[in-house]
>>> print(open('structure-v7.csv').read())   # CSV, C-alpha atoms
chain,number,residue,atom,x,y,z
X,8,MET,CA,20.0,23.8,-2.6
X,9,ALA,CA,17.2,25.5,-4.6
X,10,ASP,CA,13.8,23.8,-4.6
X,11,MET,CA,13.5,21.2,-7.4
X,12,THR,CA,10.4,20.3,-9.4
X,13,ARG,CA,9.0,16.9,-8.6
X,14,ARG,CA,10.5,15.4,-11.7
X,15,GLU,CA,13.9,16.9,-11.1
X,16,ARG,CA,13.8,15.5,-7.5
X,17,LEU,CA,12.8,12.0,-8.6
X,18,GLU,CA,15.2,11.8,-11.5
X,19,ALA,CA,18.1,13.0,-9.3
X,20,THR,CA,17.1,10.4,-6.7
X,21,ILE,CA,17.0,7.6,-9.2
X,22,ARG,CA,20.5,8.6,-10.4
X,23,GLY,CA,21.8,8.7,-6.9
X,24,GLU,CA,22.5,12.4,-7.0
X,25,ALA,CA,21.8,14.9,-4.2
X,26,ALA,CA,18.3,16.3,-4.2
X,27,ASP,CA,16.8,19.1,-2.2
X,28,ARG,CA,15.0,16.5,-0.1
X,29,SER,CA,14.0,12.8,-0.3
X,30,PRO,CA,10.8,12.3,-2.4
X,31,VAL,CA,7.7,10.8,-0.7
X,32,ALA,CA,4.7,9.1,-2.1
X,33,LEU,CA,1.7,7.2,-0.6
X,34,TRP,CA,-1.2,5.8,-2.4
X,35,ARG,CA,-4.5,4.1,-1.5
X,36,HIS,CA,-7.6,2.4,-3.0
X,37,PHE,CA,-10.9,4.3,-3.3
X,38,PRO,CA,-13.5,1.6,-3.0
X,39,GLY,CA,-16.8,2.5,-4.7
X,40,ASP,CA,-15.2,5.4,-6.5
X,41,ASP,CA,-13.0,3.0,-8.3
X,42,GLN,CA,-16.0,1.6,-10.2
X,43,ASP,CA,-16.3,4.7,-12.3
X,44,PRO,CA,-13.5,6.4,-14.2
X,45,VAL,CA,-14.6,9.9,-13.3
X,46,GLY,CA,-15.0,9.0,-9.6
X,47,LEU,CA,-11.6,7.4,-9.5
X,48,ALA,CA,-9.9,10.3,-11.2
X,49,ASN,CA,-11.6,12.8,-8.9
X,50,SER,CA,-10.6,10.9,-5.7
X,51,THR,CA,-7.1,10.3,-6.9
X,52,VAL,CA,-6.6,14.0,-7.7
X,53,ALA,CA,-8.2,15.1,-4.5
X,54,PHE,CA,-5.9,12.8,-2.4
X,55,GLN,CA,-2.9,14.4,-4.2
X,56,ARG,CA,-4.1,17.9,-3.7
X,57,GLN,CA,-4.6,17.2,0.0
X,58,TYR,CA,-1.1,15.8,0.7
X,59,ASP,CA,1.2,17.0,-2.2
X,60,PHE,CA,3.2,13.9,-2.9
X,61,ASP,CA,6.0,13.7,-5.4
X,62,PHE,CA,4.2,11.4,-7.7
X,63,VAL,CA,0.7,9.9,-8.0
X,64,LYS,CA,0.2,6.2,-8.3
X,65,VAL,CA,-3.2,5.5,-9.9
X,66,THR,CA,-4.7,2.6,-8.0
X,67,PRO,CA,-7.8,1.1,-9.6
X,68,ALA,CA,-9.4,-2.1,-8.4
X,69,SER,CA,-7.4,-5.1,-9.6
X,70,SER,CA,-10.4,-6.3,-11.6
X,71,PHE,CA,-10.0,-3.4,-14.1
X,72,SER,CA,-7.6,-5.6,-16.0
X,73,VAL,CA,-9.7,-8.7,-16.1
X,74,ARG,CA,-13.3,-7.5,-16.1
X,75,ASP,CA,-13.5,-7.5,-19.9
X,76,TRP,CA,-12.9,-11.2,-19.8
X,77,GLY,CA,-15.8,-11.8,-17.5
X,78,ALA,CA,-14.4,-11.5,-14.0
X,79,GLN,CA,-16.7,-9.9,-11.4
X,80,ASP,CA,-16.0,-8.6,-7.8
X,81,ARG,CA,-17.4,-6.5,-5.0
X,82,TRP,CA,-16.1,-4.6,-2.0
X,83,VAL,CA,-17.1,-6.0,1.3
X,84,GLY,CA,-15.2,-3.7,3.7
X,85,ASN,CA,-11.6,-4.7,3.3
X,86,GLY,CA,-9.4,-2.2,5.2
X,87,GLU,CA,-7.0,-1.9,2.3
X,88,GLY,CA,-9.9,-1.1,0.0
X,89,THR,CA,-9.5,-4.2,-2.2
X,90,ARG,CA,-12.4,-6.2,-3.6
X,91,ASP,CA,-13.4,-9.9,-3.4
X,92,TYR,CA,-13.9,-11.8,-6.6
X,93,THR,CA,-17.3,-13.2,-7.0
X,94,VAL,CA,-17.0,-14.6,-10.6
X,95,ARG,CA,-13.9,-16.1,-12.1
X,96,PRO,CA,-14.3,-17.0,-15.8
X,97,VAL,CA,-11.4,-19.5,-15.9
X,98,LYS,CA,-12.9,-22.7,-14.4
X,99,THR,CA,-10.8,-25.4,-16.2
X,100,ALA,CA,-7.4,-25.4,-17.9
X,101,ASP,CA,-9.1,-25.5,-21.2
X,102,ASP,CA,-10.6,-22.1,-20.5
X,103,TRP,CA,-7.2,-20.4,-20.9
X,104,GLN,CA,-7.4,-21.3,-24.6
X,105,ALA,CA,-10.7,-19.4,-24.9
X,106,LEU,CA,-9.2,-16.0,-23.9
X,107,ARG,CA,-8.8,-13.6,-26.7
X,108,SER,CA,-6.6,-10.5,-26.9
X,109,LEU,CA,-8.3,-7.2,-26.4
X,110,ASP,CA,-7.6,-3.8,-27.9
X,111,PRO,CA,-8.0,-1.5,-24.9
X,112,SER,CA,-8.5,1.6,-27.1
X,113,GLN,CA,-11.6,0.1,-28.8
X,114,ALA,CA,-15.0,-0.4,-27.4
X,115,LEU,CA,-16.0,-4.0,-26.8
X,116,HIS,CA,-19.5,-3.3,-28.1
X,117,ALA,CA,-20.9,-0.3,-29.9
X,118,ALA,CA,-22.1,1.4,-26.7
X,119,VAL,CA,-19.7,-0.1,-24.2
X,120,ARG,CA,-16.2,1.2,-23.5
X,121,GLY,CA,-15.1,-1.7,-21.4
X,122,ALA,CA,-13.1,-1.7,-18.2
X,123,LEU,CA,-9.7,-1.1,-19.9
X,124,GLY,CA,-11.2,1.7,-21.9
X,125,ASP,CA,-12.7,3.2,-18.7
X,126,GLN,CA,-9.2,3.2,-17.1
X,127,LEU,CA,-7.7,5.0,-20.1
X,128,HIS,CA,-10.5,7.6,-19.7
X,129,CYS,CA,-9.6,7.9,-16.0
X,130,LEU,CA,-5.9,8.5,-16.9
X,131,ALA,CA,-6.9,11.2,-19.4
X,132,LEU,CA,-8.9,13.0,-16.8
X,133,ILE,CA,-6.1,12.8,-14.3
X,134,GLN,CA,-3.6,14.1,-16.9
X,135,GLU,CA,-5.9,17.1,-17.5
X,136,ALA,CA,-6.4,17.8,-13.8
X,137,LEU,CA,-2.7,17.6,-12.9
X,138,GLY,CA,-1.7,19.7,-15.8
X,139,GLY,CA,1.8,18.2,-16.1
X,140,GLU,CA,2.9,19.4,-12.7
X,141,VAL,CA,2.7,16.0,-10.9
X,142,PRO,CA,4.0,12.8,-12.5
X,143,PHE,CA,1.5,10.0,-12.4
X,144,ILE,CA,2.0,6.3,-13.0
X,145,GLN,CA,-0.5,3.5,-13.8
X,146,THR,CA,-0.8,0.3,-11.8
X,147,ILE,CA,-0.2,-2.8,-13.9
X,148,PHE,CA,-0.8,-6.2,-12.5
X,149,ASN,CA,1.7,-8.6,-14.0
X,150,PRO,CA,0.3,-11.4,-16.2
X,151,LEU,CA,0.6,-14.1,-13.4
X,152,SER,CA,-1.4,-11.9,-11.0
X,153,GLN,CA,-4.1,-11.3,-13.6
X,154,ALA,CA,-4.2,-15.1,-14.2
X,155,LYS,CA,-4.7,-15.6,-10.5
X,156,ASN,CA,-7.6,-13.1,-10.6
X,157,LEU,CA,-9.2,-14.9,-13.5
X,158,ALA,CA,-8.9,-18.4,-12.0
X,159,GLY,CA,-8.2,-18.1,-8.3
X,160,GLN,CA,-5.0,-19.0,-6.5
X,161,ARG,CA,-5.6,-22.7,-6.1
X,162,ALA,CA,-6.7,-23.3,-9.7
X,163,LEU,CA,-3.8,-21.3,-11.0
X,164,LEU,CA,-1.3,-23.4,-9.1
X,165,ALA,CA,-3.0,-26.6,-10.3
X,166,HIS,CA,-3.0,-25.5,-13.9
X,167,MET,CA,0.7,-24.4,-13.6
X,168,ARG,CA,1.7,-27.8,-12.5
X,169,GLN,CA,-0.8,-30.0,-14.4
X,170,ALA,CA,-1.5,-28.1,-17.6
X,171,PRO,CA,1.5,-25.7,-18.2
X,172,ASP,CA,0.9,-25.4,-22.0
X,173,ALA,CA,-2.7,-24.2,-21.4
X,174,LEU,CA,-1.6,-21.6,-18.8
X,175,HIS,CA,1.2,-20.4,-21.1
X,176,ALA,CA,-1.4,-19.8,-23.8
X,177,GLY,CA,-3.5,-17.7,-21.4
X,178,LEU,CA,-0.4,-15.7,-20.2
X,179,GLU,CA,0.4,-14.9,-23.8
X,180,VAL,CA,-3.0,-13.4,-24.3
X,181,ILE,CA,-2.9,-11.5,-21.0
X,182,THR,CA,0.6,-10.1,-21.8
X,183,ASP,CA,-0.4,-9.0,-25.3
X,184,THR,CA,-3.5,-7.2,-24.1
X,185,THR,CA,-1.6,-5.6,-21.2
X,186,ALA,CA,1.2,-4.4,-23.5
X,187,ARG,CA,-1.4,-2.8,-25.7
X,188,PHE,CA,-2.9,-1.1,-22.7
X,189,ILE,CA,0.4,0.3,-21.6
X,190,GLU,CA,0.9,1.7,-25.2
X,191,SER,CA,-2.5,3.4,-25.0
X,192,ALA,CA,-1.7,4.7,-21.5
X,193,ARG,CA,1.4,6.4,-22.8
X,194,ARG,CA,-0.8,8.6,-24.8
X,195,ARG,CA,-2.6,9.7,-21.6
X,196,GLY,CA,0.6,11.1,-20.2
X,197,ILE,CA,1.8,8.5,-17.7
X,198,ALA,CA,5.4,8.9,-16.4
X,199,GLY,CA,5.7,5.1,-15.9
X,200,ILE,CA,4.0,2.0,-14.7
X,201,PHE,CA,3.8,0.4,-11.3
X,202,LEU,CA,4.3,-3.3,-12.1
X,203,ALA,CA,2.7,-5.3,-9.2
X,204,VAL,CA,4.3,-8.8,-8.9
X,205,GLN,CA,2.5,-11.1,-6.5
X,206,HIS,CA,3.9,-14.5,-7.0
X,207,ALA,CA,7.7,-14.0,-6.8
X,208,SER,CA,7.6,-15.3,-3.3
X,209,PHE,CA,9.2,-18.5,-2.0
X,210,GLU,CA,6.0,-19.0,0.1
X,211,LEU,CA,4.1,-19.5,-3.2
X,212,LEU,CA,6.4,-20.8,-5.9
X,213,SER,CA,9.9,-22.1,-6.5
X,214,GLU,CA,12.4,-20.0,-8.3
X,215,ALA,CA,12.2,-22.3,-11.3
X,216,GLU,CA,8.4,-22.0,-11.5
X,217,TYR,CA,8.7,-18.2,-11.4
X,218,ARG,CA,11.4,-18.2,-14.0
X,219,GLU,CA,9.1,-20.2,-16.3
X,220,PHE,CA,5.7,-18.5,-15.7
X,221,GLY,CA,6.7,-15.0,-14.5
X,222,VAL,CA,10.0,-13.6,-15.7
X,223,ALA,CA,9.5,-13.6,-19.5
X,224,TYR,CA,6.0,-12.1,-19.3
X,225,ASP,CA,7.1,-9.4,-16.8
X,226,ARG,CA,9.9,-8.4,-19.0
X,227,ARG,CA,7.7,-8.0,-22.0
X,228,LEU,CA,5.5,-5.5,-20.0
X,229,LEU,CA,8.6,-3.6,-18.9
X,230,ASP,CA,9.7,-3.6,-22.6
X,231,ALA,CA,6.3,-2.0,-23.4
X,232,ALA,CA,7.1,0.7,-20.8
X,233,ASP,CA,10.6,1.3,-22.2
X,234,GLY,CA,11.3,5.0,-22.6
X,235,LEU,CA,9.1,6.0,-19.7
X,236,TRP,CA,11.1,7.5,-16.8
X,237,LEU,CA,9.4,6.4,-13.6
X,238,ASN,CA,8.7,2.6,-13.8
X,239,VAL,CA,8.3,1.1,-10.4
X,240,LEU,CA,8.6,-2.6,-9.6
X,241,HIS,CA,6.5,-3.8,-6.6
X,242,LEU,CA,7.3,-7.2,-5.0
X,243,HIS,CA,4.3,-8.2,-3.0
X,244,GLY,CA,4.4,-10.6,0.0
X,245,GLU,CA,7.0,-12.2,2.2
X,246,ARG,CA,10.3,-14.0,1.3
X,247,VAL,CA,10.3,-12.4,-2.1
X,248,MET,CA,12.7,-13.5,-4.8
X,249,PHE,CA,14.5,-10.2,-4.7
X,250,ASP,CA,17.7,-11.3,-6.4
X,251,LEU,CA,15.8,-13.0,-9.3
X,252,LEU,CA,14.0,-9.7,-10.2
X,253,SER,CA,16.6,-7.2,-9.1
X,254,ASP,CA,17.9,-6.8,-12.6
X,255,TYR,CA,14.5,-5.9,-14.1
X,256,PRO,CA,14.7,-2.6,-16.0
X,257,ALA,CA,12.8,-0.6,-13.4
X,258,HIS,CA,13.8,2.8,-12.0
X,259,VAL,CA,12.4,2.1,-8.5
X,260,VAL,CA,11.9,-1.1,-6.5
X,261,ASN,CA,9.2,-1.3,-3.7
X,262,TRP,CA,8.6,-4.2,-1.3
X,263,HIS,CA,7.5,-4.9,2.2
X,264,ASP,CA,10.9,-3.9,3.6
X,265,GLN,CA,9.7,-3.5,7.2
X,266,GLU,CA,8.2,-7.0,7.2
X,267,THR,CA,10.5,-9.2,5.1
X,268,PRO,CA,14.1,-9.2,3.9
X,269,PRO,CA,16.0,-7.5,2.4
X,270,SER,CA,16.3,-4.4,4.5
X,271,LEU,CA,16.3,-1.0,2.7
X,272,ARG,CA,20.0,-0.8,2.9
X,273,GLU,CA,20.5,-4.4,1.6
X,274,GLY,CA,18.0,-3.9,-1.2
X,275,GLN,CA,19.6,-0.6,-2.2
X,276,ALA,CA,22.9,-2.3,-2.7
X,277,ARG,CA,21.4,-4.8,-5.1
X,278,VAL,CA,19.5,-2.5,-7.5
X,279,GLY,CA,20.7,0.2,-9.9
X,280,GLY,CA,17.9,2.7,-9.2
X,281,ALA,CA,16.0,3.8,-6.1
X,282,VAL,CA,14.3,1.9,-3.4
X,283,LEU,CA,10.8,2.9,-2.0
X,284,GLY,CA,9.6,2.1,1.4
X,285,GLY,CA,10.5,2.6,5.1
X,286,LEU,CA,6.9,2.8,6.6
X,287,ARG,CA,4.9,-0.2,7.8
X,288,GLN,CA,1.4,0.1,6.3
X,289,TRP,CA,-0.5,-1.3,9.3
X,290,GLU,CA,1.6,-1.2,12.4
X,291,THR,CA,2.7,2.4,11.8
X,292,MET,CA,0.4,4.1,9.3
X,293,VAL,CA,-2.8,2.7,10.9
X,294,ARG,CA,-2.0,1.8,14.5
X,295,GLY,CA,0.9,4.1,15.1
X,296,THR,CA,1.1,7.8,15.9
X,297,PRO,CA,2.6,10.7,13.9
X,298,ASP,CA,5.7,10.4,16.1
X,299,ASP,CA,6.0,6.7,15.0
X,300,VAL,CA,5.8,7.7,11.4
X,301,ARG,CA,8.5,10.3,11.8
X,302,ARG,CA,10.7,7.9,13.7
X,303,GLU,CA,10.5,5.3,10.9
X,304,ALA,CA,11.1,7.9,8.2
X,305,ARG,CA,14.2,9.1,10.0
X,306,ASN,CA,15.5,5.5,10.3
X,307,ALA,CA,14.8,4.8,6.6
X,308,ILE,CA,16.7,8.0,5.6
X,309,ALA,CA,19.6,7.0,7.8
X,310,GLN,CA,19.7,3.5,6.4
X,311,THR,CA,19.9,4.8,2.8
X,312,GLY,CA,21.9,7.9,3.5
X,313,GLY,CA,19.1,9.8,1.9
X,314,ARG,CA,20.3,8.8,-1.6
X,315,ARG,CA,18.4,6.6,-4.1
X,316,PHE,CA,15.5,6.5,-1.6
X,317,ILE,CA,11.8,7.4,-1.8
X,318,LEU,CA,9.8,7.4,1.4
X,319,GLY,CA,6.6,5.3,1.3
X,320,THR,CA,4.9,2.2,2.5
X,321,GLY,CA,5.7,-1.4,1.5
X,322,CYS,CA,2.3,-1.6,-0.2
X,323,VAL,CA,-0.9,0.3,-0.4
X,324,THR,CA,-1.8,2.6,2.5
X,325,PRO,CA,-4.9,1.3,4.2
X,326,ILE,CA,-8.0,3.4,3.7
X,327,ILE,CA,-8.4,3.6,7.5
X,328,ALA,CA,-5.0,5.3,8.1
X,329,PRO,CA,-5.4,8.4,10.1
X,330,TRP,CA,-5.0,11.6,8.2
X,331,THR,CA,-2.5,12.9,10.8
X,332,ASN,CA,-0.2,9.9,10.0
X,333,ILE,CA,-0.4,10.5,6.3
X,334,ARG,CA,0.4,14.1,6.9
X,335,ALA,CA,3.3,13.2,9.1
X,336,ALA,CA,4.8,11.0,6.3
X,337,ARG,CA,4.6,13.9,3.9
X,338,GLU,CA,6.2,16.3,6.4
X,339,ALA,CA,8.9,13.9,7.4
X,340,VAL,CA,11.0,14.8,4.4
>>> encode(input="structure-v7.csv", output="structure tokens")
Amino acid sequence: MADMTRRERLEATIRGEAADRSPVALWRHFPGDDQDPVGLANSTVAFQRQYDFDFVKVTPASSFSVRDWGAQDRWVGNGEGTRDYTVRPVKTADDWQALRSLDPSQALHAAVRGALGDQLHCLALIQEALGGEVPFIQTIFNPLSQAKNLAGQRALLAHMRQAPDALHAGLEVITDTTARFIESARRRGIAGIFLAVQHASFELLSEAEYREFGVAYDRRLLDAADGLWLNVLHLHGERVMFDLLSDYPAHVVNWHDQETPPSLREGQARVGGAVLGGLRQWETMVRGTPDDVRREARNAIAQTGGRRFILGTGCVTPIIAPWTNIRAAREAV
């Protein structure tokens, strides 16, 4: 079979058709660099040029989506490259009512672009650098995840159970703002969004709670991304509510398949598009060898028959993963 372009390979994979090879994509945080749109763009593009993946997932700090509401954070050395929140603006349930929708394409003040505007600038720089040859997608934290970053996990759960109307008001504002951001990101050339869902886990919520506080807001963001061709749903954590979200209109589903059910084969049977995974982010990508990476990749391809499958990790690749392991993942397909 003749070599395909990245888009041709990905679209054939999503449709379940034969491709010249299985696609592969890994992504990582860039702590420090992610505090500046130019720095994040440069690091993201350099990572892609070094490893030549089939698509680029743009991975800003999670605070990019909530900093304009007053959240603050810092990096203290986390191996995944994530930052710790130092200021959370939602202290009481009443604070949800004080949130106001933002227009990401407009400056917050005359001389300030704002964090959302900075991320749009980052996307424009990546679009220019990649020149249309490599599809790239923007990370979008779903509204409930953003609410957690604004209030903290314990406060979020308390407000959910004790002041649900107030929380719903906040989720409405978050969803409206994020939908506007997605619309602006379209104009920067994104192929899709990476919708990160962190609370669809039986270890955190009941299915009824997620139906009430998660599903409708998630779907509104996927509606905002309708017409894009590479929308990825990421289910974070263990004991995820896979069946509840399996009918979301996403082209690809990604979860910690090596640590929690379902398996790749089981998940593939429950979704209409492709599945993404196969590699353990810590045990294999950090603590393993290139042979371990290749072994897991072969197993994942065997599980899925090499159809409707993209090789990757169940979540972000740790920033301390050896380059030889990352290279082995790319060469495994």
>>> closest_residue(input="structure-v7.csv", among="X:Asp233, X:Glu24, X:Leu242, X:Phe249", to="X:Glu273", atoms="all atoms listed in the file")
X:Phe249
>>> closest_residue(input="structure-v7.csv", among="X:Pro30, X:Gly177, X:Pro142, X:Gly84", to="X:Asp102", atoms="only C-alpha atoms")
X:Gly177
>>> atom_distance(input="structure-v7.csv", atom1="atom CA of X:Gly321", atom2="atom CA of X:Gln265")
7.3 Å
>>> closest_residue(input="structure-v7.csv", among="X:His243, X:Arg14, X:Arg302, X:Arg107", to="X:Asp183", atoms="all atoms listed in the file")
X:Arg107
>>> residues_near_point(input="structure-v7.csv", point="(-6.0, 1.6, -25.7)", cutoff="9 Å", atoms="all atoms listed in the file", output="PDB file with C-alpha atoms, keeping the file's coordinate frame")
ATOM      1  CA  ASP X 110      -7.600  -3.800 -27.900  1.00  0.00           C
ATOM      2  CA  PRO X 111      -8.000  -1.500 -24.900  1.00  0.00           C
ATOM      3  CA  SER X 112      -8.500   1.600 -27.100  1.00  0.00           C
ATOM      4  CA  GLN X 113     -11.600   0.100 -28.800  1.00  0.00           C
ATOM      5  CA  LEU X 123      -9.700  -1.100 -19.900  1.00  0.00           C
ATOM      6  CA  GLY X 124     -11.200   1.700 -21.900  1.00  0.00           C
ATOM      7  CA  LEU X 127      -7.700   5.000 -20.100  1.00  0.00           C
ATOM      8  CA  ARG X 187      -1.400  -2.800 -25.700  1.00  0.00           C
ATOM      9  CA  PHE X 188      -2.900  -1.100 -22.700  1.00  0.00           C
ATOM     10  CA  ILE X 189       0.400   0.300 -21.600  1.00  0.00           C
ATOM     11  CA  GLU X 190       0.900   1.700 -25.200  1.00  0.00           C
ATOM     12  CA  SER X 191      -2.500   3.400 -25.000  1.00  0.00           C
ATOM     13  CA  ALA X 192      -1.700   4.700 -21.500  1.00  0.00           C
ATOM     14  CA  ARG X 194      -0.800   8.600 -24.800  1.00  0.00           C
TER      15      ARG X 194
END
>>> atom_distance(input="structure-v7.csv", atom1="atom CA of X:Gln153", atom2="atom CA of X:Met248")
19.1 Å
>>> atom_distance(input="structure-v7.csv", atom1="atom CA of X:Asn332", atom2="atom CA of X:Met292")
5.9 Å
>>> residues_near_point(input="structure-v7.csv", point="(7.0, 7.2, -1.1)", cutoff="8 Å", atoms="all atoms listed in the file", output="list in words")
Pro30, Val31, Ala32, Leu33, Phe60, Asp61, Leu283, Gly284, Ile317, Leu318, Gly319 and Thr320 of chain X
>>> residues_around(input="structure-v7.csv", residues="X:Gly221", least_positions_apart="4", cutoff="7 Å", atoms="only C-alpha atoms", output="list in words")
Leu151, Tyr217 and Asp225 of chain X
>>> residues_around(input="structure-v7.csv", residues="X:Asp172", least_positions_apart="6", cutoff="10 Å", atoms="all atoms listed in the file", output="list in words")
Ala100, Trp103, Gln104, His166 and Leu178 of chain X
>>> build_atoms(input="structure-v7.csv", residues="stretch 160-171 of chain X", atoms="N, CA and C atoms", output="PDB file, in the frame of the given file")
ATOM      1  N   GLN X 160      -6.355 -18.554  -6.856  1.00  0.00           N
ATOM      2  CA  GLN X 160      -5.000 -19.000  -6.500  1.00  0.00           C
ATOM      3  C   GLN X 160      -4.844 -20.526  -6.649  1.00  0.00           C
ATOM      4  N   ARG X 161      -5.780 -21.273  -6.087  1.00  0.00           N
ATOM      5  CA  ARG X 161      -5.600 -22.700  -6.100  1.00  0.00           C
ATOM      6  C   ARG X 161      -5.682 -23.292  -7.500  1.00  0.00           C
ATOM      7  N   ALA X 162      -6.619 -22.813  -8.303  1.00  0.00           N
ATOM      8  CA  ALA X 162      -6.700 -23.300  -9.700  1.00  0.00           C
ATOM      9  C   ALA X 162      -5.491 -22.916 -10.479  1.00  0.00           C
ATOM     10  N   LEU X 163      -5.003 -21.695 -10.275  1.00  0.00           N
ATOM     11  CA  LEU X 163      -3.800 -21.300 -11.000  1.00  0.00           C
ATOM     12  C   LEU X 163      -2.632 -22.180 -10.728  1.00  0.00           C
ATOM     13  N   LEU X 164      -2.391 -22.489  -9.469  1.00  0.00           N
ATOM     14  CA  LEU X 164      -1.300 -23.400  -9.100  1.00  0.00           C
ATOM     15  C   LEU X 164      -1.457 -24.761  -9.705  1.00  0.00           C
ATOM     16  N   ALA X 165      -2.692 -25.251  -9.687  1.00  0.00           N
ATOM     17  CA  ALA X 165      -3.000 -26.600 -10.300  1.00  0.00           C
ATOM     18  C   ALA X 165      -2.705 -26.569 -11.765  1.00  0.00           C
ATOM     19  N   HIS X 166      -3.175 -25.543 -12.462  1.00  0.00           N
ATOM     20  CA  HIS X 166      -3.000 -25.500 -13.900  1.00  0.00           C
ATOM     21  C   HIS X 166      -1.479 -25.314 -14.236  1.00  0.00           C
ATOM     22  N   MET X 167      -0.773 -24.568 -13.423  1.00  0.00           N
ATOM     23  CA  MET X 167       0.700 -24.400 -13.600  1.00  0.00           C
ATOM     24  C   MET X 167       1.404 -25.693 -13.613  1.00  0.00           C
ATOM     25  N   ARG X 168       0.998 -26.586 -12.725  1.00  0.00           N
ATOM     26  CA  ARG X 168       1.700 -27.800 -12.500  1.00  0.00           C
ATOM     27  C   ARG X 168       1.148 -29.007 -13.309  1.00  0.00           C
ATOM     28  N   GLN X 169      -0.124 -28.885 -13.726  1.00  0.00           N
ATOM     29  CA  GLN X 169      -0.800 -30.000 -14.400  1.00  0.00           C
ATOM     30  C   GLN X 169      -1.053 -29.707 -15.889  1.00  0.00           C
ATOM     31  N   ALA X 170      -1.182 -28.438 -16.251  1.00  0.00           N
ATOM     32  CA  ALA X 170      -1.500 -28.100 -17.600  1.00  0.00           C
ATOM     33  C   ALA X 170      -0.703 -26.828 -18.029  1.00  0.00           C
ATOM     34  N   PRO X 171       0.638 -26.917 -17.971  1.00  0.00           N
ATOM     35  CA  PRO X 171       1.500 -25.700 -18.200  1.00  0.00           C
ATOM     36  C   PRO X 171       1.270 -25.098 -19.574  1.00  0.00           C
TER      37      PRO X 171
END
